Every structure is written in C-alpha cells, then in structure tokens.
$ cat my_file.txt   # compact mmCIF, C-alpha atoms
# COMPACT_ATOMS: atom_id res chain seq x y z
CA MET A 1 43.54 10.61 19.46
CA LEU A 2 41.45 10.66 16.30
CA ARG A 3 40.13 14.14 15.55
CA ILE A 4 36.75 14.28 13.84
CA ASP A 5 35.91 17.33 11.75
CA ILE A 6 32.20 17.86 12.47
CA SER A 7 31.62 20.42 9.73
CA SER A 8 33.21 18.18 7.05
CA LEU A 9 30.95 15.29 8.06
CA PHE A 10 27.86 17.49 7.85
CA ILE A 11 28.90 18.85 4.46
CA ALA A 12 29.57 15.31 3.16
CA MET A 13 26.18 14.11 4.37
CA THR A 14 24.40 17.08 2.77
CA LEU A 15 26.20 16.40 -0.50
CA ASN A 16 25.21 12.72 -0.39
CA LEU A 17 21.60 13.60 0.40
CA SER A 18 21.56 16.06 -2.51
CA ILE A 19 22.81 13.38 -4.91
CA MET A 20 20.18 10.91 -3.67
CA ALA A 21 17.41 13.50 -3.85
CA VAL A 22 18.19 13.98 -7.55
CA ALA A 23 19.11 10.40 -8.45
CA LEU A 24 16.25 8.49 -6.80
CA PRO A 25 13.37 10.02 -8.80
CA TYR A 26 15.36 9.62 -12.01
CA PHE A 27 16.25 5.96 -11.54
CA MET A 28 12.98 4.88 -9.86
CA GLY A 29 10.94 6.31 -12.74
CA ARG A 30 7.17 6.50 -12.41
CA VAL A 31 6.20 5.43 -8.91
CA ASN A 32 3.13 5.37 -6.69
CA ARG A 33 2.20 7.53 -3.73
CA ALA A 34 4.38 5.76 -1.15
CA ALA A 35 7.57 6.14 -3.18
CA ARG A 36 6.72 9.75 -4.05
CA CYS A 37 6.32 10.53 -0.35
CA ALA A 38 9.66 8.89 0.43
CA GLN A 39 11.32 10.89 -2.34
CA ALA A 40 9.72 14.08 -1.01
CA GLY A 41 11.01 13.21 2.45
CA ILE A 42 14.58 12.96 1.16
CA VAL A 43 14.23 16.24 -0.75
CA LEU A 44 12.91 18.05 2.34
CA GLN A 45 15.64 16.67 4.58
CA THR A 46 18.24 17.68 2.01
CA ALA A 47 16.78 21.19 1.93
CA GLY A 48 16.83 21.25 5.72
CA TRP A 49 20.53 20.48 5.90
CA ILE A 50 21.32 23.02 3.17
CA PHE A 51 19.41 25.69 5.12
CA LEU A 52 21.18 24.67 8.32
CA LEU A 53 24.67 24.83 6.84
CA SER A 54 23.87 28.06 5.02
CA SER A 55 22.72 29.72 8.25
CA SER A 56 26.24 29.43 9.67
CA THR A 57 27.57 31.71 6.91
CA PHE A 58 25.57 34.66 8.32
CA PRO A 59 26.15 36.59 11.55
CA ARG A 60 25.07 34.46 14.50
CA GLY A 61 21.71 35.50 15.90
CA GLY A 62 20.86 37.75 12.95
CA TRP A 63 17.61 37.65 11.02
CA ALA A 64 19.10 35.55 8.19
CA ASP A 65 20.51 33.03 10.65
CA GLN A 66 17.14 32.79 12.41
CA LEU A 67 15.16 32.48 9.18
CA LEU A 68 17.38 29.81 7.63
CA SER A 69 17.61 27.83 10.88
CA THR A 70 13.82 27.86 11.29
CA LEU A 71 13.35 26.79 7.67
CA ALA A 72 15.84 24.01 8.32
CA MET A 73 13.82 22.69 11.26
CA ALA A 74 10.61 22.90 9.25
CA SER A 75 12.15 21.01 6.33
CA VAL A 76 13.76 18.25 8.40
CA SER A 77 10.60 17.62 10.43
CA GLY A 78 8.45 17.89 7.29
CA GLY A 79 10.64 15.27 5.63
CA MET A 80 10.00 12.95 8.56
CA VAL A 81 6.24 13.43 8.10
CA CYS A 82 6.55 12.43 4.43
CA ASN A 83 8.57 9.37 5.42
CA ALA A 84 5.96 8.43 8.02
CA ILE A 85 3.25 8.50 5.33
CA ALA A 86 5.40 6.40 2.98
CA PHE A 87 6.09 3.78 5.66
CA GLU A 88 2.39 3.53 6.53
CA LEU A 89 1.51 2.95 2.88
CA TRP A 90 4.25 0.36 2.45
CA CYS A 91 2.88 -1.48 5.49
CA GLY A 92 -0.50 -1.66 3.77
CA ARG A 93 -2.25 0.85 6.04
CA GLN A 94 -4.11 4.06 5.35
CA PRO A 95 -1.63 6.84 6.16
CA ASN A 96 -2.21 8.59 9.46
CA ALA A 97 0.61 11.05 10.12
CA ARG A 98 -1.37 13.59 12.15
CA LEU A 99 0.80 13.17 15.24
CA PRO A 100 4.18 13.52 13.45
CA ALA A 101 2.74 16.50 11.52
CA ALA A 102 1.49 18.15 14.71
CA ILE A 103 4.89 17.70 16.33
CA ALA A 104 6.55 19.21 13.25
CA VAL A 105 4.33 22.31 13.44
CA VAL A 106 4.75 22.78 17.19
CA MET A 107 8.51 22.26 16.98
CA THR A 108 8.96 24.74 14.12
CA VAL A 109 6.79 27.44 15.69
CA GLY A 110 8.40 27.06 19.12
CA TYR A 111 11.88 27.06 17.58
CA GLY A 112 11.19 30.29 15.70
CA ILE A 113 9.67 32.04 18.73
CA GLY A 114 12.38 30.95 21.17
CA TYR A 115 15.30 31.26 18.78
CA SER A 116 17.09 33.92 20.85
CA ASP A 117 17.51 31.44 23.74
CA TYR A 118 20.14 28.96 22.52
CA ALA A 119 19.63 26.45 25.34
CA PHE A 120 15.87 26.44 24.77
CA ARG A 121 15.95 26.09 20.99
CA THR A 122 18.56 23.33 21.10
CA GLY A 123 16.71 21.27 23.67
CA TRP A 124 13.33 22.04 22.09
CA ALA A 125 14.30 21.10 18.52
CA ASN A 126 16.26 17.96 19.36
CA GLY A 127 13.73 16.79 21.92
CA LEU A 128 10.72 17.16 19.65
CA LEU A 129 12.55 15.67 16.67
CA ALA A 130 13.32 12.66 18.89
CA LEU A 131 9.63 12.48 19.85
CA GLN A 132 8.63 12.67 16.19
CA ILE A 133 11.02 9.84 15.34
CA ALA A 134 9.56 7.80 18.23
CA THR A 135 6.06 8.06 16.69
CA VAL A 136 7.41 6.73 13.38
CA ILE A 137 9.19 3.86 15.16
CA ALA A 138 5.96 2.95 16.98
CA SER A 139 4.11 2.89 13.65
CA LEU A 140 6.75 0.64 12.07
CA CYS A 141 6.52 -1.79 15.00
CA ARG A 142 2.79 -2.31 14.45
CA LYS A 143 1.84 -5.43 12.54
CA PRO A 144 1.75 -4.64 8.79
CA GLN A 145 -1.36 -5.35 6.77
CA VAL A 146 0.58 -6.86 3.86
CA PRO A 147 3.56 -9.22 3.71
CA ILE A 148 6.75 -7.15 3.81
CA GLY A 149 10.46 -7.82 4.14
CA ARG A 150 12.92 -6.97 6.87
CA TRP A 151 13.40 -3.39 5.70
CA ARG A 152 11.14 -2.09 8.45
CA TRP A 153 13.43 -3.51 11.13
CA LEU A 154 16.39 -1.88 9.42
CA LEU A 155 14.48 1.40 9.61
CA VAL A 156 13.58 0.78 13.25
CA ILE A 157 17.27 0.29 14.09
CA CYS A 158 18.34 3.39 12.15
CA LEU A 159 15.63 5.59 13.61
CA SER A 160 16.22 4.30 17.15
CA ILE A 161 19.90 5.25 16.94
CA GLN A 162 19.00 8.68 15.60
CA MET A 163 16.39 9.15 18.33
CA ALA A 164 18.83 8.20 21.10
CA VAL A 165 21.46 10.64 19.80
CA MET A 166 18.82 13.38 19.46
CA VAL A 167 17.80 12.91 23.10
CA CYS A 168 21.44 13.19 24.18
CA ARG A 169 21.87 16.38 22.14
CA ALA A 170 18.67 17.81 23.63
CA VAL A 171 19.90 17.19 27.19
CA LEU A 172 23.39 18.45 26.36
CA GLY A 173 22.18 21.65 24.70
CA ALA A 174 19.50 22.46 27.28
CA PHE A 175 21.36 21.68 30.52
CA TYR A 176 25.08 21.62 29.63
CA THR A 177 25.17 24.51 27.20
CA ALA A 178 28.76 25.43 28.00
CA GLU A 179 29.91 22.04 26.67
CA PHE A 180 27.78 22.41 23.54
CA PRO A 181 27.94 26.10 22.63
CA ASN A 182 27.22 25.74 18.91
CA PHE A 183 26.17 23.33 16.17
CA TYR A 184 29.76 22.38 15.31
CA ALA A 185 30.97 21.87 18.89
CA PRO A 186 33.51 18.97 19.02
CA HIS A 187 31.71 17.26 21.90
CA VAL A 188 31.64 13.46 21.81
CA VAL A 189 27.84 13.47 21.54
CA ASN A 190 28.02 15.77 18.53
CA GLN A 191 30.74 13.59 17.00
CA VAL A 192 28.53 10.51 17.43
CA PHE A 193 25.64 12.49 15.91
CA ALA A 194 27.69 13.44 12.85
CA LEU A 195 29.00 9.91 12.30
CA SER A 196 25.69 8.16 12.95
CA SER A 197 23.76 10.61 10.77
CA ASN A 198 25.97 9.78 7.80
CA ALA A 199 25.70 6.01 8.35
CA MET A 200 21.99 5.99 9.18
CA MET A 201 21.21 8.16 6.16
CA VAL A 202 22.74 5.58 3.84
CA LEU A 203 21.03 2.65 5.59
CA SER A 204 17.68 4.48 5.57
CA VAL A 205 17.88 5.00 1.82
CA VAL A 206 18.72 1.30 1.42
CA ALA A 207 15.62 0.44 3.49
CA ILE A 208 13.47 2.74 1.34
CA LEU A 209 14.72 1.05 -1.82
CA LEU A 210 14.00 -2.38 -0.32
CA ALA A 211 10.49 -1.26 0.64
CA HIS A 212 9.89 -0.03 -2.89
CA ARG A 213 11.16 -3.34 -4.28
CA ASP A 214 8.82 -5.27 -1.97
CA GLU A 215 5.88 -3.25 -3.17
CA ALA A 216 6.85 -3.72 -6.82
CA ALA A 217 7.03 -7.49 -6.25
CA ARG A 218 3.57 -7.47 -4.63
CA GLU A 219 2.19 -5.51 -7.56
CA LEU A 220 3.65 -8.00 -10.04
CA GLU A 221 2.09 -10.84 -8.08
CA ARG A 222 -1.24 -9.02 -8.04
CA LEU A 223 -1.10 -8.45 -11.78
CA ALA A 224 -0.32 -12.13 -12.30
CA THR A 225 -3.47 -13.21 -10.45
CA LEU A 226 -6.03 -10.50 -11.24
CA ASP A 227 -7.88 -9.52 -14.38
CA GLY A 228 -6.61 -6.10 -15.36
CA LEU A 229 -10.00 -4.67 -16.35
CA THR A 230 -12.32 -5.85 -13.59
CA GLY A 231 -10.02 -6.64 -10.66
CA ALA A 232 -11.50 -10.14 -10.37
CA LEU A 233 -9.24 -13.17 -10.24
CA ASN A 234 -8.05 -14.32 -13.63
CA ARG A 235 -8.77 -17.82 -14.91
CA ARG A 236 -5.37 -19.28 -14.04
CA ALA A 237 -5.43 -18.09 -10.42
CA TRP A 238 -9.05 -19.19 -9.97
CA LEU A 239 -8.36 -22.70 -11.29
CA LEU A 240 -5.35 -23.04 -8.99
CA GLN A 241 -7.24 -22.00 -5.85
CA SER A 242 -10.39 -23.89 -6.85
CA THR A 243 -8.44 -27.13 -7.14
CA ILE A 244 -7.23 -26.64 -3.58
CA ASP A 245 -10.73 -25.80 -2.32
CA LEU A 246 -12.18 -28.84 -4.08
CA ALA A 247 -9.64 -31.12 -2.42
CA ASN A 248 -10.51 -29.62 0.97
CA SER A 249 -14.23 -30.13 0.35
CA VAL A 250 -13.59 -33.83 -0.31
CA ARG A 251 -11.35 -34.17 2.72
CA TYR A 252 -13.80 -32.53 5.13
CA ARG A 253 -16.94 -33.91 3.47
CA GLN A 254 -18.29 -30.46 2.65
CA SER A 255 -20.56 -29.55 -0.25
CA LEU A 256 -19.25 -27.34 -3.02
CA GLY A 257 -20.77 -25.81 -6.15
CA VAL A 258 -19.59 -24.09 -9.32
CA LEU A 259 -21.65 -21.37 -10.98
CA LEU A 260 -20.76 -20.46 -14.57
CA LEU A 261 -22.24 -17.12 -15.70
CA ASP A 262 -22.44 -15.42 -19.10
CA LEU A 263 -23.69 -11.85 -19.63
CA ASP A 264 -26.67 -11.79 -21.96
CA TYR A 265 -26.41 -9.95 -25.30
CA PHE A 266 -22.98 -8.57 -24.48
CA LYS A 267 -22.08 -8.19 -28.15
CA GLN A 268 -25.12 -5.96 -28.59
CA ILE A 269 -23.95 -3.82 -25.67
CA ASN A 270 -20.59 -3.29 -27.38
CA ASP A 271 -22.16 -2.66 -30.77
CA THR A 272 -24.81 -0.26 -29.47
CA HIS A 273 -22.99 1.63 -26.71
CA GLY A 274 -19.32 1.10 -27.57
CA HIS A 275 -16.56 -0.96 -26.05
CA GLY A 276 -15.98 1.57 -23.26
CA VAL A 277 -19.50 1.00 -21.95
CA GLY A 278 -19.00 -2.74 -22.45
CA ASP A 279 -15.92 -2.59 -20.25
CA ARG A 280 -17.87 -0.64 -17.66
CA ALA A 281 -20.62 -3.28 -17.76
CA LEU A 282 -18.06 -5.97 -16.92
CA GLN A 283 -16.78 -3.87 -14.02
CA VAL A 284 -20.30 -3.34 -12.68
CA PHE A 285 -20.97 -7.06 -12.90
CA VAL A 286 -17.85 -7.80 -10.85
CA THR A 287 -18.92 -5.19 -8.32
CA GLY A 288 -22.13 -7.16 -7.98
CA LEU A 289 -20.25 -10.42 -7.55
CA ARG A 290 -18.16 -8.83 -4.84
CA ALA A 291 -21.23 -7.40 -3.10
CA VAL A 292 -23.13 -10.68 -2.83
CA SER A 293 -20.20 -13.05 -2.17
CA ARG A 294 -19.55 -14.51 1.24
CA VAL A 295 -16.14 -15.03 2.81
CA GLY A 296 -14.74 -18.07 1.03
CA ASP A 297 -16.61 -17.58 -2.24
CA LEU A 298 -14.20 -17.38 -5.14
CA PHE A 299 -15.04 -15.68 -8.43
CA CYS A 300 -13.09 -14.92 -11.57
CA ARG A 301 -13.40 -13.54 -15.04
CA TYR A 302 -13.26 -16.84 -16.90
CA GLY A 303 -13.00 -15.28 -20.34
CA GLY A 304 -14.63 -12.45 -22.28
CA GLU A 305 -18.04 -11.84 -20.71
CA GLU A 306 -18.01 -15.20 -18.90
CA PHE A 307 -17.50 -15.43 -15.13
CA CYS A 308 -17.17 -18.34 -12.75
CA VAL A 309 -17.95 -18.61 -9.03
CA LEU A 310 -16.85 -21.36 -6.66
CA LEU A 311 -19.05 -21.56 -3.55
CA ASN A 312 -17.44 -23.38 -0.65
CA CYS A 313 -19.60 -25.13 1.95
CA ALA A 314 -22.68 -24.50 -0.19
CA ASP A 315 -25.41 -26.90 -1.21
CA LEU A 316 -27.64 -26.37 -4.25
CA ASN A 317 -30.06 -24.17 -2.28
CA ALA A 318 -27.19 -21.92 -1.20
CA VAL A 319 -25.90 -21.69 -4.78
CA MET A 320 -29.33 -20.75 -6.09
CA ALA A 321 -29.72 -18.20 -3.28
CA TYR A 322 -26.43 -16.66 -4.39
CA ASP A 323 -27.75 -16.53 -7.94
CA GLU A 324 -30.92 -14.80 -6.75
CA ARG A 325 -28.98 -12.22 -4.70
CA LEU A 326 -26.85 -11.39 -7.72
CA ARG A 327 -29.88 -10.93 -9.96
CA GLN A 328 -31.54 -8.66 -7.39
CA TRP A 329 -28.36 -6.62 -7.05
CA LEU A 330 -28.13 -6.14 -10.82
CA THR A 331 -31.79 -5.12 -10.97
CA GLN A 332 -31.20 -2.46 -8.31
CA HIS A 333 -27.87 -1.10 -9.53
CA SER A 334 -27.01 -1.84 -13.16
CA ALA A 335 -29.55 0.52 -14.77
CA ARG A 336 -28.43 3.36 -12.51
CA GLU A 337 -24.76 2.73 -13.25
CA LEU A 338 -25.04 2.03 -16.98
CA GLY A 339 -28.34 3.42 -18.21
CA PHE A 340 -29.60 -0.08 -19.02
CA GLY A 341 -30.10 -3.33 -17.13
CA LEU A 342 -27.73 -6.29 -17.07
CA SER A 343 -28.84 -9.89 -17.07
CA TYR A 344 -27.03 -13.18 -17.42
CA SER A 345 -27.51 -16.87 -18.05
CA GLY A 346 -26.02 -19.40 -15.68
CA GLY A 347 -25.20 -23.05 -15.20
CA VAL A 348 -24.67 -24.84 -11.88
CA ALA A 349 -22.59 -27.92 -11.18
CA MET A 350 -22.37 -29.43 -7.69
CA ARG A 351 -19.64 -31.79 -6.52
CA ILE A 352 -21.21 -35.20 -6.88
CA HIS A 353 -18.34 -37.65 -6.53
CA ASP A 354 -15.06 -37.53 -4.65
CA ALA A 355 -13.36 -38.07 -7.98
CA ASP A 356 -14.87 -34.91 -9.48
CA ALA A 357 -12.31 -32.47 -10.83
CA ILE A 358 -12.84 -28.74 -11.37
CA GLU A 359 -12.58 -29.27 -15.13
CA ILE A 360 -15.35 -31.91 -15.03
CA MET A 361 -17.61 -29.66 -12.96
CA LEU A 362 -16.98 -26.77 -15.36
CA GLN A 363 -17.98 -28.98 -18.29
CA ARG A 364 -21.27 -29.84 -16.58
CA ALA A 365 -21.89 -26.19 -15.69
CA ASP A 366 -21.11 -25.16 -19.27
CA VAL A 367 -23.71 -27.56 -20.67
CA ALA A 368 -26.30 -26.19 -18.24
CA LEU A 369 -25.33 -22.65 -19.24
CA TYR A 370 -25.76 -23.49 -22.92
CA GLN A 371 -29.23 -24.89 -22.21
CA ALA A 372 -30.17 -21.75 -20.25
CA LYS A 373 -29.17 -19.58 -23.20
CA ALA A 374 -31.04 -21.82 -25.62
CA GLN A 375 -34.17 -21.50 -23.49
CA GLY A 376 -34.24 -17.71 -23.75
CA ARG A 377 -31.45 -16.49 -21.42
CA GLY A 378 -31.89 -14.64 -18.14
CA HIS A 379 -32.05 -17.68 -15.85
CA THR A 380 -29.83 -20.35 -14.30
CA LEU A 381 -30.09 -24.14 -14.71
CA ASP A 382 -28.75 -26.96 -12.58
CA SER A 383 -26.73 -29.48 -14.57
CA ALA A 384 -28.25 -32.32 -12.51
CA VAL A 385 -31.74 -31.80 -13.93
CA ILE A 386 -30.87 -31.58 -17.63
CA SER A 387 -29.75 -34.23 -20.08
CA LEU A 388 -25.98 -34.18 -20.27
CA PRO A 389 -24.16 -35.54 -23.32
CA LYS A 390 -22.20 -38.72 -22.80
CA PRO A 391 -18.43 -38.18 -22.59
$ encode --input "my_file.txt" --output "structure tokens"
Amino acid sequence: MLRIDISSLFIAMTLNLSIMAVALPYFMGRVNRAARCAQAGIVLQTAGWIFLLSSSTFPRGGWADQLLSTLAMASVSGGMVCNAIAFELWCGRQPNARLPAAIAVVMTVGYGIGYSDYAFRTGWANGLLALQIATVIASLCRKPQVPIGRWRWLLVICLSIQMAVMVCRAVLGAFYTAEFPNFYAPHVVNQVFALSSNAMMVLSVVAILLAHRDEAARELERLATLDGLTGALNRRAWLLQSTIDLANSVRYRQSLGVLLLDLDYFKQINDTHGHGVGDRALQVFVTGLRAVSRVGDLFCRYGGEEFCVLLNCADLNAVMAYDERLRQWLTQHSARELGFGLSYSGGVAMRIHDADAIEIMLQRADVALYQAKAQGRGHTLDSAVISLPKP
C-alpha cells in the first residue's frame, strides 16, 4: 500500500507557494488592482501555511502554538478575501467581498477563543473556510459583466474540490476526533486534502494567470478602439461601426444623421491657457457628448479638436435637438470646469440616398462645418440648405 507522507506534502506546497508569491509580482510587472489583489492573496496564503507549519515546532497547546495557528487561520482566510476581490474585478463587477471578509473575521476570532478545544477549533476552522470558499464559488458562477475565458470554471472546479475536502475535515475533526488527532494524522481524508491542496494550488495559479491574460487582452482591445486622452472612440473604430450602422439604416429604412463638430478657437485656448488646459477642454467636451447621447448614438474624436457623432434612427429635427442639448450642457458646465466657456461649430449631413457612404456624408458635413465657421462660428448648419461644391 502506498504510504503518503503528509508533512512532506505540506512542506512542498508551502515551498511552491513561497516561490510563486515571489515570482508572480516580478514577472507580471506593473499590474492593476485585480492582479495586485490576487498576488496579495497568494502572499497571505503562503504566510498562513508558514505560520501553520511553524506552530508544530513549538509545544502543543502552548502560547506560541496558539498564536501562530491563529495567525495562520487569519492569513489563509484573508488570502481568500483578496482572491474574492480579484475574481469580482476580473468578472467586470464592483468588488463586494463583505461576506467572505465577515466569515474570515468570525472564523479567526472563534478559532483563537476556542483554541483549547481541539474538536471545536478543527470543525470551526474547516467548516467556516468551506463556507467562505462557497461564497467565492457562488460569485464566480454569476454571469460576468465582461467577456471572459474559461478560467472561472477552472477556479470553480478547484475551489469546489477544496470546499468538499474542507467539509470532510470539519466533520472528521469535530465528531471523529480520535481518527484525526492532529494536523498530520495519516487519515485518508487528510491524505486527500494534502494531495488535492498541492494540485489545486497549481491549477488555481494557472487560472489566475489566465484571468490576468484575459484582462490584458481586453485592455489592448480597448486601447485599439478608444482615444487615449478623452476615452471617446477613435476615428478607425467609429468609421468601422458607422459603416455597419449605415447599412442597417438602409436595410430597415431608418433615418440616420452625421454631425461633425469643431471646437471654436481651440488654438487660442492652447496658446492662452496651455496644452494641459486644452487637453482638459477636450475631455470636458467628450463628457458633454456622453451626457447628451442616447443609447445607439456613436461619437468619436475624429482628429485634433474635431469630433463626429452618428445618430441612429434620427431625423434632422432629432439631430438639431441633440445639437441644442449639447450647447446647453456646455453653457451650464464648461465655465465651471474650465474657467471659460466652450463653443463649437457644426455641420450636419443626413442619409439621403441608399447609396450614401459614410465618407460621402462626412464630406457633406465637412462643407457645412466650413460654412458655419466662415459665418462666425458657434452654430450648426445643415448641408442640405447650403450650396455644395460639385464633386
């Protein structure tokens, strides 16, 4: 019969965790909050196992044994709280780890108070750790708010196995104490715990790395479609989506308009107030676009101080109403945000023919915009009521 050395497995797992706790931050480099929480979770769990193994080197039941064992429980459960926050962030949700954190506090306090009763502390710690893991599993099973890979199901499998083993250890320690008299008891449940902990630890780290890779890929995609300064769509992404929306408007016989906007006297803003204030002016303008846009409206930073809005299912009256809302918003907010008011000139182009392309509509809107600037700026013209040059 194969004999499993429990203590050697625990020592090997602690060594592996220690290596990962040091290596992950080094190789991952600068990371965001989710990855930092995951790294902190690994560090805390490593510390927990070091405290737990160290406690066995002191007289059993002494003050050092009790202190180190309690610190171990606090670290392991605290690491799970950090992981819960990381998983929530990677799923695109605002982190809410109050329940895992509350369980961690209750478990640690109860463990320290009832330490002298071995059956109680074993059942208490393993049972509440299993409950804490169950809350994390439930969170992972909720529908994520962003597209993610299969790493969450790998985590669900790993955590479910750990939870099941924890429940068995809780029952064994609380009600069959003679068969599980200490942490290194060679009971089959403890052997399964030692083996599964090693395997699940490796798989959990793999899942964390996959989650981090998913997030990095999403960030690269975001950077490829958004303007870095304002957070609006960039020109390339806007043109791609606008072409699709234009085709849909033709197919479903829906009206569609393009609004080309240019901030007035932007060079003077940069020259007078500095480029930092000019950048802030662009950001305020995009905040206004975001505030007045409906679901389905698509805006971008077209270039420099020029912006473009595509209004789906909008006739000319709706486009001009959008223009008026934006001007009112700037009147109410820009002076407060910047110390001076923002205005713009605009040109409108509606889809006239089924053969219209986005580029053709932009040309018409650009001519109208040029006329608006030539007439004194600060207003918007419809390309249909001005003389357009022949192609």
$ axis_aligned_box --input "my_file.txt" --around "range 362-375 of chain A" --padding-each-side "8 Å" --output "AutoDock Vina command-line options"
--center_x -25.6 --center_y -24.7 --center_z -20.5 --size_x 33.2 --size_y 26.3 --size_z 26.3
$ closest_atom_pairs --input "my_file.txt" --of "range 148-252 of chain A" --to "range 126-132 of chain A" --cutoff "8 Å" --atoms "only C-alpha atoms" --output "CSV"
residue,atom,partner,partner_atom,distance
A:Gln162,CA,A:Ala130,CA,7.7
A:Met163,CA,A:Ala130,CA,4.7
A:Ala164,CA,A:Ala130,CA,7.4
A:Met166,CA,A:Asn126,CA,5.2
A:Val167,CA,A:Gly127,CA,5.7
A:Arg169,CA,A:Asn126,CA,6.5
A:Ala170,CA,A:Asn126,CA,4.9
$ residues_around --input "my_file.txt" --residues "Asn234 in chain A" --least-positions-apart "3" --cutoff "7 Å" --atoms "all atoms listed in the file" --output "list in words"
Thr225, Leu226, Asp227, Ala237, Trp238, Cys300, Arg301 and Tyr302 of chain A
$ residues_around --input "my_file.txt" --residues "Phe120 in chain A" --least-positions-apart "6" --cutoff "9 Å" --atoms "all atoms listed in the file" --output "list in words"
Tyr111, Gly114, Gly173 and Ala174 of chain A
$ closest_atom_pairs --input "my_file.txt" --of "range 118-202 of chain A" --to "range 67-88 of chain A" --cutoff "9 Å" --atoms "only C-alpha atoms" --output "CSV"
residue,atom,partner,partner_atom,distance
A:Ala125,CA,A:Met73,CA,7.4
A:Leu129,CA,A:Ser77,CA,6.8
A:Gln132,CA,A:Met80,CA,7.8
A:Ile133,CA,A:Met80,CA,7.5
A:Thr135,CA,A:Ala84,CA,8.7
A:Val136,CA,A:Ala84,CA,5.8
A:Ser139,CA,A:Glu88,CA,7.4
A:Leu140,CA,A:Phe87,CA,7.2
A:Pro144,CA,A:Glu88,CA,8.5
A:Arg152,CA,A:Phe87,CA,8.2
$ closest_atom_pairs --input "my_file.txt" --of "range 234-302 of chain A" --to "range 352-364 of chain A" --cutoff "12 Å" --atoms "all atoms listed in the file" --output "CSV"
residue,atom,partner,partner_atom,distance
A:Trp238,CA,A:Ile358,CA,10.4
A:Leu239,CA,A:Ile358,CA,7.5
A:Leu240,CA,A:Ile358,CA,9.7
A:Gln241,CA,A:Ile358,CA,10.4
A:Ser242,CA,A:Ile358,CA,7.1
A:Thr243,CA,A:Ile358,CA,6.3
A:Ile244,CA,A:Ile358,CA,9.8
A:Asp245,CA,A:Ile358,CA,9.7
A:Leu246,CA,A:Ile358,CA,7.3
A:Ala247,CA,A:Asp354,CA,8.7
A:Asn248,CA,A:Asp354,CA,10.7
A:Ser249,CA,A:Asp354,CA,9.0
A:Val250,CA,A:Asp354,CA,5.9
A:Arg251,CA,A:Asp354,CA,8.9
A:Tyr252,CA,A:Asp354,CA,11.1
A:Arg253,CA,A:Asp354,CA,9.1
A:Gln254,CA,A:Asp354,CA,10.7
A:Ser255,CA,A:Ile352,CA,8.7
A:Leu256,CA,A:Ile352,CA,9.0
A:Gly257,CA,A:Met361,CA,8.4
A:Val258,CA,A:Met361,CA,6.9
A:Leu259,CA,A:Leu362,CA,8.4
A:Leu260,CA,A:Leu362,CA,7.4
A:Leu261,CA,A:Leu362,CA,11.0
A:Tyr302,CA,A:Leu362,CA,10.7
$ residues_around --input "my_file.txt" --residues "range 27-30 of chain A" --least-positions-apart "5" --cutoff "12 Å" --atoms "only C-alpha atoms" --output "number ranges by chain"
A: 19-22, 35-36, 38-39, 208-209, 212-213, 216
$ closest_atom_pairs --input "my_file.txt" --of "range 244-312 of chain A" --to "range 319-329 of chain A" --cutoff "10 Å" --atoms "only C-alpha atoms" --output "tab-separated table"
residue	atom	partner	partner_atom	distance
A:Leu256	CA	A:Val319	CA	8.9
A:Gly257	CA	A:Val319	CA	6.7
A:Val258	CA	A:Val319	CA	8.1
A:Leu259	CA	A:Val319	CA	7.5
A:Leu261	CA	A:Asp323	CA	9.5
A:Phe285	CA	A:Leu326	CA	9.0
A:Thr287	CA	A:Trp329	CA	9.6
A:Gly288	CA	A:Trp329	CA	6.3
A:Leu289	CA	A:Leu326	CA	6.7
A:Arg290	CA	A:Leu326	CA	9.5
A:Ala291	CA	A:Trp329	CA	8.2
A:Val292	CA	A:Leu326	CA	6.2
A:Ser293	CA	A:Tyr322	CA	7.5
A:Arg294	CA	A:Tyr322	CA	9.1
A:Val309	CA	A:Val319	CA	9.5
A:Leu310	CA	A:Val319	CA	9.2
A:Leu311	CA	A:Val319	CA	7.0
A:Asn312	CA	A:Val319	CA	9.6
$ atom_distance --input "my_file.txt" --atom1 "CA of Ser18 in chain A" --atom2 "CA of Leu203 in chain A"
15.7 Å
$ atom_distance --input "my_file.txt" --atom1 "CA of Val284 in chain A" --atom2 "CA of Ala372 in chain A"
22.2 Å
$ atom_distance --input "my_file.txt" --atom1 "CA of Leu381 in chain A" --atom2 "CA of Leu369 in chain A"
6.7 Å
$ closest_residue --input "my_file.txt" --among "A:Leu298, A:Val348, A:Leu17, A:Val105" --to "Ser197 in chain A" --atoms "only C-alpha atoms"
A:Leu17
$ closest_residue --input "my_file.txt" --among "A:Ala194, A:Val277, A:Leu9, A:Phe183" --to "Arg60 in chain A" --atoms "all atoms listed in the file"
A:Phe183
$ closest_residue --input "my_file.txt" --among "A:Gln66, A:Asn198, A:Ser343, A:Gln375" --to "Cys158 in chain A" --atoms "only C-alpha atoms"
A:Asn198
$ closest_residue --input "my_file.txt" --among "A:Val109, A:Leu52, A:Leu282, A:Ala318" --to "Asp297 in chain A" --atoms "all atoms listed in the file"
A:Ala318
$ closest_residue --input "my_file.txt" --among "A:Tyr118, A:Phe266, A:Trp90, A:Tyr176" --to "Asn32 in chain A" --atoms "only C-alpha atoms"
A:Trp90
$ residues_around --input "my_file.txt" --residues "Gly149 in chain A" --least-positions-apart "5" --cutoff "10 Å" --atoms "all atoms listed in the file" --output "ChimeraX atom specification"
/A:91,154,207,210-211,213-215
$ write_last_selection --input "my_file.txt" --atoms "C-alpha atoms" --output "short mmCIF file (atom, residue, chain, number, x, y, z; two decimals), keeping the file's coordinate frame"
data_model
loop_
_atom_site.label_atom_id
_atom_site.label_comp_id
_atom_site.auth_asym_id
_atom_site.auth_seq_id
_atom_site.Cartn_x
_atom_site.Cartn_y
_atom_site.Cartn_z
CA CYS A 91 2.88 -1.48 5.49
CA LEU A 154 16.39 -1.88 9.42
CA ALA A 207 15.62 0.44 3.49
CA LEU A 210 14.00 -2.38 -0.32
CA ALA A 211 10.49 -1.26 0.64
CA ARG A 213 11.16 -3.34 -4.28
CA ASP A 214 8.82 -5.27 -1.97
CA GLU A 215 5.88 -3.25 -3.17
#
$ closest_residue --input "my_file.txt" --among "A:Ile161, A:Ala104, A:Glu219, A:Ala365" --to "Val31 in chain A" --atoms "only C-alpha atoms"
A:Glu219
